[in-house]
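Enquirer: Take this structure, written in structure tokens, and hold onto it; I'll ask about it next.
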Amino acid sequence: MSPLDLVVLLGGVAAILWVNWYFFRAGRSPVQAGVGAGGVQEVEIVVQGGYEPSQVRVRRGIPVRLVFDRRETSGCSEEIVLPAFGIRKFLPAHSRTAVEFTPESAGEFDFTCGMSMLRGRLTVADGEAP
Ligand SMILES: [Cu+2]
């Protein structure tokens with residue numbers, strides 16, 4: 001095995017480990033939105049090949065502001081869609097875009113890119129924050 005083969009092999013192994021980590025570990029634990037000034041639940045979500053965090057928990061009946069921080073130019077992520085809330089919004093590259101709504105019912109709601117390839121989940125829960 002030549003040194004180049006070894007480099008390619010190690011690079012491949014590193015890529016596989018990263019992909020596994022990215023899809024199965026990163027963003028797995030839900031992030032609870034904090035209630036900031038003005039009584040709005042706010043969470044910042046990084047958009048870069050996916051959503052991080054990809055699972056967000058909010059409380060029902062309180063205004064929500066999701067701030068999408070898009071750090072790429074890849075066309076895939078240029079739109080954010082929250083079908084349950086009738087939201088479809090363009091996310092300019094390398095800037096933050098806020099999406100605001102008030103969830104009136106509890107449940108699980110998806111947010112996706114315009115083509116439904118990138119996915120995240122919004123959990124709306126009743127009651128007080130833990
Ligand atoms: Cu897409």
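Going by the structure tokens order, chains are called A, B, ..., each with residues numbered from 1, while ligands are numbered from 1 in the order shown.
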Can you list, as number ranges by chain, every protein, DNA or RNA residue that comes within 9 Å of Tyr51 in chain A when you count only C-alpha atoms, leaving out same-chain residues fewer than 3 positions away?

Expert: A: 27, 45-48, 54-55, 68, 112, 118-120

Enquirer: Next, the residues of the selection above should be written as a compact mmCIF listing (two decimals), in the first residue's frame with C-alpha atoms.

Expert:
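This went into out.txt:
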# COMPACT_ATOMS: atom_id res chain seq x y z
CA GLY A 27 -28.61 17.99 16.79
CA ILE A 45 -30.84 27.70 13.90
CA VAL A 46 -27.69 27.40 11.82
CA VAL A 47 -28.38 26.44 8.21
CA GLN A 48 -25.38 24.65 6.74
CA SER A 54 -32.73 20.19 13.98
CA GLN A 55 -35.09 19.57 16.89
CA PHE A 68 -32.21 31.03 10.59
CA THR A 112 -37.84 21.79 5.62
CA LEU A 118 -33.27 19.22 4.67
CA ARG A 119 -35.49 18.54 7.63
CA GLY A 120 -36.00 19.73 11.14

Enquirer: Could you list, as an NGL selection string, all residues that come within 9 Å of ligand 1? Count only C-alpha atoms and all ligand atoms.

Expert: :A and (74-80 or 112-119)

Enquirer: Restrict the selected residues to all heavy atoms and save them as a compact mmCIF listing (two decimals), in the first residue's frame.

Expert:
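Writing the result to result-v2.txt gives the following:
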# COMPACT_ATOMS: atom_id res chain seq x y z
N SER A 74 -25.31 27.17 -1.00
CA SER A 74 -25.95 26.01 -1.64
C SER A 74 -27.44 26.27 -1.87
O SER A 74 -28.16 26.67 -0.95
CB SER A 74 -25.77 24.78 -0.74
OG SER A 74 -26.81 23.86 -0.97
N GLY A 75 -27.88 26.09 -3.12
CA GLY A 75 -29.26 26.42 -3.46
C GLY A 75 -30.29 25.65 -2.68
O GLY A 75 -31.41 26.09 -2.49
N CYS A 76 -29.89 24.48 -2.20
CA CYS A 76 -30.84 23.61 -1.50
C CYS A 76 -31.51 24.30 -0.33
O CYS A 76 -32.70 24.14 -0.11
CB CYS A 76 -30.13 22.34 -1.03
SG CYS A 76 -31.24 21.15 -0.28
N SER A 77 -30.74 25.07 0.42
CA SER A 77 -31.27 25.62 1.67
C SER A 77 -31.80 27.04 1.54
O SER A 77 -32.04 27.70 2.53
CB SER A 77 -30.20 25.56 2.76
OG SER A 77 -29.09 26.35 2.38
N GLU A 78 -32.01 27.51 0.30
CA GLU A 78 -32.35 28.93 0.15
C GLU A 78 -33.77 29.27 0.57
O GLU A 78 -34.12 30.43 0.67
CB GLU A 78 -32.07 29.41 -1.27
CG GLU A 78 -33.03 28.86 -2.30
CD GLU A 78 -32.66 29.30 -3.72
OE1 GLU A 78 -31.57 29.83 -3.91
OE2 GLU A 78 -33.50 29.08 -4.60
N GLU A 79 -34.59 28.24 0.81
CA GLU A 79 -35.94 28.51 1.28
C GLU A 79 -36.19 27.71 2.54
O GLU A 79 -35.73 26.58 2.65
CB GLU A 79 -36.97 28.07 0.23
CG GLU A 79 -37.44 29.16 -0.68
CD GLU A 79 -38.62 28.69 -1.52
OE1 GLU A 79 -38.67 27.52 -1.90
OE2 GLU A 79 -39.48 29.52 -1.79
N ILE A 80 -36.94 28.30 3.44
CA ILE A 80 -37.38 27.55 4.62
C ILE A 80 -38.91 27.45 4.54
O ILE A 80 -39.58 28.42 4.20
CB ILE A 80 -36.91 28.22 5.94
CG1 ILE A 80 -37.28 27.36 7.13
CG2 ILE A 80 -37.49 29.63 6.10
CD1 ILE A 80 -36.46 26.10 7.27
N THR A 112 -38.66 22.38 6.67
CA THR A 112 -37.84 21.79 5.62
C THR A 112 -37.33 22.88 4.69
O THR A 112 -37.75 24.03 4.76
CB THR A 112 -38.66 20.79 4.76
OG1 THR A 112 -39.61 21.53 3.99
CG2 THR A 112 -39.38 19.76 5.61
N CYS A 113 -36.40 22.47 3.81
CA CYS A 113 -36.01 23.37 2.74
C CYS A 113 -37.10 23.32 1.67
O CYS A 113 -38.05 22.54 1.77
CB CYS A 113 -34.64 22.96 2.17
SG CYS A 113 -34.67 21.43 1.22
N GLY A 114 -36.95 24.14 0.63
CA GLY A 114 -37.98 24.24 -0.40
C GLY A 114 -38.26 22.93 -1.11
O GLY A 114 -39.32 22.75 -1.70
N MET A 115 -37.30 22.01 -1.08
CA MET A 115 -37.47 20.73 -1.77
C MET A 115 -37.70 19.58 -0.79
O MET A 115 -37.64 18.41 -1.17
CB MET A 115 -36.22 20.40 -2.59
CG MET A 115 -35.60 21.58 -3.27
SD MET A 115 -33.80 21.47 -3.16
CE MET A 115 -33.34 23.09 -3.74
N SER A 116 -37.88 19.89 0.46
CA SER A 116 -38.09 18.87 1.51
C SER A 116 -36.90 17.92 1.66
O SER A 116 -37.08 16.76 2.01
CB SER A 116 -39.35 18.05 1.24
OG SER A 116 -40.46 18.89 1.25
N MET A 117 -35.71 18.41 1.36
CA MET A 117 -34.54 17.55 1.52
C MET A 117 -33.92 17.73 2.91
O MET A 117 -33.56 16.76 3.57
CB MET A 117 -33.50 17.88 0.45
CG MET A 117 -33.94 17.41 -0.93
SD MET A 117 -33.04 18.24 -2.23
CE MET A 117 -31.40 17.60 -1.94
N LEU A 118 -33.77 18.97 3.32
CA LEU A 118 -33.27 19.22 4.67
C LEU A 118 -34.48 19.26 5.59
O LEU A 118 -35.51 19.85 5.26
CB LEU A 118 -32.53 20.56 4.73
CG LEU A 118 -31.46 20.77 3.66
CD1 LEU A 118 -30.84 22.16 3.82
CD2 LEU A 118 -30.39 19.70 3.75
N ARG A 119 -34.34 18.63 6.75
CA ARG A 119 -35.49 18.54 7.63
C ARG A 119 -35.14 18.86 9.07
O ARG A 119 -34.08 18.51 9.55
CB ARG A 119 -36.07 17.11 7.59
CG ARG A 119 -36.66 16.77 6.28
CD ARG A 119 -37.31 15.40 6.28
NE ARG A 119 -38.21 15.34 5.15
CZ ARG A 119 -39.47 15.73 5.19
NH1 ARG A 119 -40.01 16.13 6.32
NH2 ARG A 119 -40.22 15.68 4.12

Enquirer: Please indicate the distance in Å from CA of Gly38 in chain A to CA of Gly50 in chain A, rounded to one decimal place.

Expert: 29.1 Å

Enquirer: Counting only C-alpha atoms, what is within 10 Å of Val35 in chain A, bar same-chain residues fewer than 2 positions away, as a list in words?

Expert: Gln32, Ala33, Ala37, Gly38, Gly39, Val40, Gln41, Glu42, Val43, Val58, Arg59, Ile62, Pro63, Val64, Arg65 and Ala129 of chain A

Enquirer: Can you tell me which residues surround Gly61 in chain A at a distance of at most 9 Å, considering only C-alpha atoms, apart from same-chain residues fewer than 6 positions away, and format the answer as a CSV table (one decimal) with N, CA, C and O atoms, in the first residue's frame?

Expert:
chain,number,residue,atom,x,y,z
A,102,THR,N,-47.1,32.1,15.9
A,102,THR,CA,-47.5,31.6,17.3
A,102,THR,C,-48.2,30.3,17.1
A,102,THR,O,-49.2,30.1,16.5
A,103,PRO,N,-47.6,29.2,17.7
A,103,PRO,CA,-48.2,27.9,17.6
A,103,PRO,C,-49.4,27.8,18.5
A,103,PRO,O,-49.3,27.9,19.7
A,104,GLU,N,-50.6,27.5,17.9
A,104,GLU,CA,-51.8,27.5,18.6
A,104,GLU,C,-52.2,26.1,19.1
A,104,GLU,O,-53.1,25.9,19.9
A,105,SER,N,-51.5,25.1,18.5
A,105,SER,CA,-51.8,23.7,19.0
A,105,SER,C,-50.6,22.9,19.2
A,105,SER,O,-49.5,23.2,18.5
A,106,ALA,N,-50.6,22.0,20.1
A,106,ALA,CA,-49.5,21.2,20.5
A,106,ALA,C,-49.3,20.1,19.4
A,106,ALA,O,-50.3,19.7,18.7
A,126,ASP,N,-47.6,21.7,25.5
A,126,ASP,CA,-48.4,22.4,26.4
A,126,ASP,C,-47.6,22.7,27.7
A,126,ASP,O,-46.7,22.0,28.0

Enquirer: Give the strand (DSSP E or B) residues of range 10-59 of chain A, as assigned by DSSP on the backbone, as a ChimeraX atom specification.

Expert: /A:31-32,34-35,41-47,51-52,55-59

Enquirer: Between CA of Glu72 in chain A and CA of Thr123 in chain A, what is the spacing in Å?

Expert: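 A separation of 25.9 Å between them.
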
Enquirer: When you count only C-alpha atoms, which of these residues is closest to Arg57 in chain A: A:Val31, A:Met1, A:Leu82, A:Val8?

Expert: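 Using only C-alpha atoms, Arg57 in chain A sits closest to A:Val31.
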
Enquirer: Just the alpha helix (DSSP H) stuff from range 2-128 of chain A, please, per backbone DSSP, written as an mmCIF file with all heavy atoms, in the first residue's frame.

Expert:
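Output file out_37.cif is given in full below:
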data_model
loop_
_atom_site.group_PDB
_atom_site.id
_atom_site.type_symbol
_atom_site.label_atom_id
_atom_site.label_comp_id
_atom_site.auth_asym_id
_atom_site.auth_seq_id
_atom_site.Cartn_x
_atom_site.Cartn_y
_atom_site.Cartn_z
ATOM 1 N N PRO A 3 1.851 5.323 0.293
ATOM 2 C CA PRO A 3 1.417 6.373 1.246
ATOM 3 C C PRO A 3 0.154 7.081 0.772
ATOM 4 O O PRO A 3 -0.708 7.429 1.577
ATOM 5 C CB PRO A 3 2.605 7.339 1.267
ATOM 6 C CG PRO A 3 3.784 6.522 0.826
ATOM 7 C CD PRO A 3 3.246 5.488 -0.134
ATOM 8 N N LEU A 4 0.033 7.241 -0.541
ATOM 9 C CA LEU A 4 -1.175 7.915 -1.050
ATOM 10 C C LEU A 4 -2.432 7.085 -0.775
ATOM 11 O O LEU A 4 -3.461 7.608 -0.357
ATOM 12 C CB LEU A 4 -1.024 8.170 -2.557
ATOM 13 C CG LEU A 4 -2.214 8.930 -3.197
ATOM 14 C CD1 LEU A 4 -2.376 10.301 -2.555
ATOM 15 C CD2 LEU A 4 -2.021 9.070 -4.690
ATOM 16 N N ASP A 5 -2.320 5.764 -0.979
ATOM 17 C CA ASP A 5 -3.447 4.880 -0.667
ATOM 18 C C ASP A 5 -3.879 5.053 0.791
ATOM 19 O O ASP A 5 -5.070 5.098 1.107
ATOM 20 C CB ASP A 5 -3.059 3.405 -0.895
ATOM 21 C CG ASP A 5 -2.931 3.076 -2.383
ATOM 22 O OD1 ASP A 5 -3.482 3.833 -3.198
ATOM 23 O OD2 ASP A 5 -2.275 2.072 -2.707
ATOM 24 N N LEU A 6 -2.864 5.106 1.636
ATOM 25 C CA LEU A 6 -3.154 5.222 3.066
ATOM 26 C C LEU A 6 -3.901 6.528 3.365
ATOM 27 O O LEU A 6 -4.878 6.553 4.119
ATOM 28 C CB LEU A 6 -1.834 5.160 3.861
ATOM 29 C CG LEU A 6 -1.997 5.030 5.372
ATOM 30 C CD1 LEU A 6 -2.705 3.733 5.736
ATOM 31 C CD2 LEU A 6 -0.632 5.090 6.053
ATOM 32 N N VAL A 7 -3.424 7.602 2.730
ATOM 33 C CA VAL A 7 -4.071 8.900 2.942
ATOM 34 C C VAL A 7 -5.529 8.842 2.481
ATOM 35 O O VAL A 7 -6.441 9.295 3.175
ATOM 36 C CB VAL A 7 -3.298 10.015 2.194
ATOM 37 C CG1 VAL A 7 -4.134 11.295 2.136
ATOM 38 C CG2 VAL A 7 -1.963 10.274 2.868
ATOM 39 N N VAL A 8 -5.738 8.240 1.307
ATOM 40 C CA VAL A 8 -7.099 8.142 0.768
ATOM 41 C C VAL A 8 -7.975 7.306 1.702
ATOM 42 O O VAL A 8 -9.111 7.660 2.012
ATOM 43 C CB VAL A 8 -7.068 7.528 -0.656
ATOM 44 C CG1 VAL A 8 -8.485 7.190 -1.123
ATOM 45 C CG2 VAL A 8 -6.404 8.490 -1.627
ATOM 46 N N LEU A 9 -7.411 6.201 2.179
ATOM 47 C CA LEU A 9 -8.149 5.313 3.074
ATOM 48 C C LEU A 9 -8.530 6.037 4.368
ATOM 49 O O LEU A 9 -9.693 6.023 4.791
ATOM 50 C CB LEU A 9 -7.300 4.075 3.398
ATOM 51 C CG LEU A 9 -7.963 3.036 4.304
ATOM 52 C CD1 LEU A 9 -9.137 2.386 3.576
ATOM 53 C CD2 LEU A 9 -6.951 1.979 4.723
ATOM 54 N N LEU A 10 -7.557 6.695 4.965
ATOM 55 C CA LEU A 10 -7.831 7.403 6.224
ATOM 56 C C LEU A 10 -8.844 8.533 5.998
ATOM 57 O O LEU A 10 -9.722 8.768 6.824
ATOM 58 C CB LEU A 10 -6.530 7.962 6.817
ATOM 59 C CG LEU A 10 -5.580 6.901 7.383
ATOM 60 C CD1 LEU A 10 -4.297 7.565 7.877
ATOM 61 C CD2 LEU A 10 -6.229 6.111 8.505
ATOM 62 N N GLY A 11 -8.694 9.200 4.855
ATOM 63 C CA GLY A 11 -9.644 10.266 4.535
ATOM 64 C C GLY A 11 -11.053 9.715 4.409
ATOM 65 O O GLY A 11 -12.011 10.304 4.903
ATOM 66 N N GLY A 12 -11.177 8.552 3.770
ATOM 67 C CA GLY A 12 -12.482 7.923 3.623
ATOM 68 C C GLY A 12 -13.085 7.542 4.955
ATOM 69 O O GLY A 12 -14.257 7.795 5.220
ATOM 70 N N VAL A 13 -12.245 6.969 5.816
ATOM 71 C CA VAL A 13 -12.719 6.574 7.146
ATOM 72 C C VAL A 13 -13.175 7.805 7.925
ATOM 73 O O VAL A 13 -14.245 7.813 8.548
ATOM 74 C CB VAL A 13 -11.619 5.810 7.917
ATOM 75 C CG1 VAL A 13 -12.014 5.658 9.378
ATOM 76 C CG2 VAL A 13 -11.370 4.444 7.278
ATOM 77 N N ALA A 14 -12.362 8.881 7.844
ATOM 78 C CA ALA A 14 -12.725 10.107 8.559
ATOM 79 C C ALA A 14 -14.051 10.655 8.038
ATOM 80 O O ALA A 14 -14.904 11.088 8.822
ATOM 81 C CB ALA A 14 -11.611 11.150 8.401
ATOM 82 N N ALA A 15 -14.252 10.604 6.713
ATOM 83 C CA ALA A 15 -15.496 11.118 6.131
ATOM 84 C C ALA A 15 -16.695 10.304 6.614
ATOM 85 O O ALA A 15 -17.747 10.855 6.940
ATOM 86 C CB ALA A 15 -15.415 11.090 4.602
ATOM 87 N N ILE A 16 -16.526 8.992 6.675
ATOM 88 C CA ILE A 16 -17.627 8.122 7.128
ATOM 89 C C ILE A 16 -17.969 8.423 8.585
ATOM 90 O O ILE A 16 -19.141 8.561 8.953
ATOM 91 C CB ILE A 16 -17.242 6.630 6.952
ATOM 92 C CG1 ILE A 16 -17.217 6.282 5.455
ATOM 93 C CG2 ILE A 16 -18.232 5.723 7.695
ATOM 94 C CD1 ILE A 16 -16.539 4.968 5.136
ATOM 95 N N LEU A 17 -16.935 8.563 9.409
ATOM 96 C CA LEU A 17 -17.174 8.866 10.826
ATOM 97 C C LEU A 17 -17.894 10.203 10.958
ATOM 98 O O LEU A 17 -18.823 10.353 11.754
ATOM 99 C CB LEU A 17 -15.846 8.903 11.590
ATOM 100 C CG LEU A 17 -15.167 7.540 11.760
ATOM 101 C CD1 LEU A 17 -13.820 7.714 12.445
ATOM 102 C CD2 LEU A 17 -16.046 6.596 12.573
ATOM 103 N N TRP A 18 -17.475 11.161 10.163
ATOM 104 C CA TRP A 18 -18.087 12.486 10.262
ATOM 105 C C TRP A 18 -19.558 12.425 9.855
ATOM 106 O O TRP A 18 -20.426 13.002 10.508
ATOM 107 C CB TRP A 18 -17.325 13.482 9.382
ATOM 108 C CG TRP A 18 -17.933 14.843 9.459
ATOM 109 C CD1 TRP A 18 -17.721 15.785 10.432
ATOM 110 C CD2 TRP A 18 -18.906 15.406 8.568
ATOM 111 N NE1 TRP A 18 -18.496 16.891 10.189
ATOM 112 C CE2 TRP A 18 -19.233 16.696 9.058
ATOM 113 C CE3 TRP A 18 -19.529 14.949 7.406
ATOM 114 C CZ2 TRP A 18 -20.134 17.517 8.418
ATOM 115 C CZ3 TRP A 18 -20.441 15.786 6.779
ATOM 116 C CH2 TRP A 18 -20.731 17.050 7.276
ATOM 117 N N VAL A 19 -19.822 11.717 8.749
ATOM 118 C CA VAL A 19 -21.204 11.610 8.264
ATOM 119 C C VAL A 19 -22.081 10.958 9.331
ATOM 120 O O VAL A 19 -23.188 11.408 9.620
ATOM 121 C CB VAL A 19 -21.260 10.811 6.942
ATOM 122 C CG1 VAL A 19 -22.699 10.387 6.626
ATOM 123 C CG2 VAL A 19 -20.705 11.655 5.797
ATOM 124 N N ASN A 20 -21.552 9.889 9.941
ATOM 125 C CA ASN A 20 -22.315 9.222 10.998
ATOM 126 C C ASN A 20 -22.573 10.144 12.178
ATOM 127 O O ASN A 20 -23.681 10.217 12.692
ATOM 128 C CB ASN A 20 -21.564 7.976 11.475
ATOM 129 C CG ASN A 20 -21.874 6.787 10.596
ATOM 130 O OD1 ASN A 20 -23.005 6.319 10.553
ATOM 131 N ND2 ASN A 20 -20.889 6.324 9.866
ATOM 132 N N TRP A 21 -21.529 10.850 12.555
ATOM 133 C CA TRP A 21 -21.684 11.765 13.679
ATOM 134 C C TRP A 21 -22.715 12.828 13.325
ATOM 135 O O TRP A 21 -23.614 13.131 14.091
ATOM 136 C CB TRP A 21 -20.331 12.415 14.007
ATOM 137 C CG TRP A 21 -20.465 13.487 15.047
ATOM 138 C CD1 TRP A 21 -20.503 13.314 16.399
ATOM 139 C CD2 TRP A 21 -20.619 14.893 14.822
ATOM 140 N NE1 TRP A 21 -20.668 14.532 17.006
ATOM 141 C CE2 TRP A 21 -20.739 15.506 16.076
ATOM 142 C CE3 TRP A 21 -20.663 15.679 13.672
ATOM 143 C CZ2 TRP A 21 -20.894 16.879 16.210
ATOM 144 C CZ3 TRP A 21 -20.822 17.037 13.811
ATOM 145 C CH2 TRP A 21 -20.932 17.624 15.067
ATOM 146 N N TYR A 22 -22.574 13.362 12.104
ATOM 147 C CA TYR A 22 -23.430 14.469 11.695
ATOM 148 C C TYR A 22 -24.895 14.073 11.707
ATOM 149 O O TYR A 22 -25.747 14.778 12.227
ATOM 150 C CB TYR A 22 -23.024 14.936 10.293
ATOM 151 C CG TYR A 22 -23.711 16.190 9.881
ATOM 152 C CD1 TYR A 22 -23.190 17.430 10.230
ATOM 153 C CD2 TYR A 22 -24.902 16.164 9.164
ATOM 154 C CE1 TYR A 22 -23.830 18.588 9.874
ATOM 155 C CE2 TYR A 22 -25.545 17.315 8.801
ATOM 156 C CZ TYR A 22 -25.002 18.531 9.153
ATOM 157 O OH TYR A 22 -25.648 19.683 8.809
ATOM 158 N N PHE A 23 -25.191 12.894 11.136
ATOM 159 C CA PHE A 23 -26.593 12.530 10.982
ATOM 160 C C PHE A 23 -27.192 11.880 12.218
ATOM 161 O O PHE A 23 -28.387 11.925 12.434
ATOM 162 C CB PHE A 23 -26.777 11.624 9.763
ATOM 163 C CG PHE A 23 -26.718 12.391 8.479
ATOM 164 C CD1 PHE A 23 -25.586 12.359 7.696
ATOM 165 C CD2 PHE A 23 -27.784 13.182 8.085
ATOM 166 C CE1 PHE A 23 -25.516 13.099 6.514
ATOM 167 C CE2 PHE A 23 -27.728 13.923 6.907
ATOM 168 C CZ PHE A 23 -26.593 13.877 6.126
ATOM 169 N N PHE A 24 -26.349 11.235 13.017
ATOM 170 C CA PHE A 24 -26.930 10.468 14.117
ATOM 171 C C PHE A 24 -26.689 11.076 15.495
ATOM 172 O O PHE A 24 -27.347 10.725 16.443
ATOM 173 C CB PHE A 24 -26.415 9.026 14.068
ATOM 174 C CG PHE A 24 -26.813 8.338 12.798
ATOM 175 C CD1 PHE A 24 -25.877 8.018 11.840
ATOM 176 C CD2 PHE A 24 -28.152 8.054 12.546
ATOM 177 C CE1 PHE A 24 -26.255 7.409 10.651
ATOM 178 C CE2 PHE A 24 -28.540 7.450 11.368
ATOM 179 C CZ PHE A 24 -27.585 7.124 10.410
#
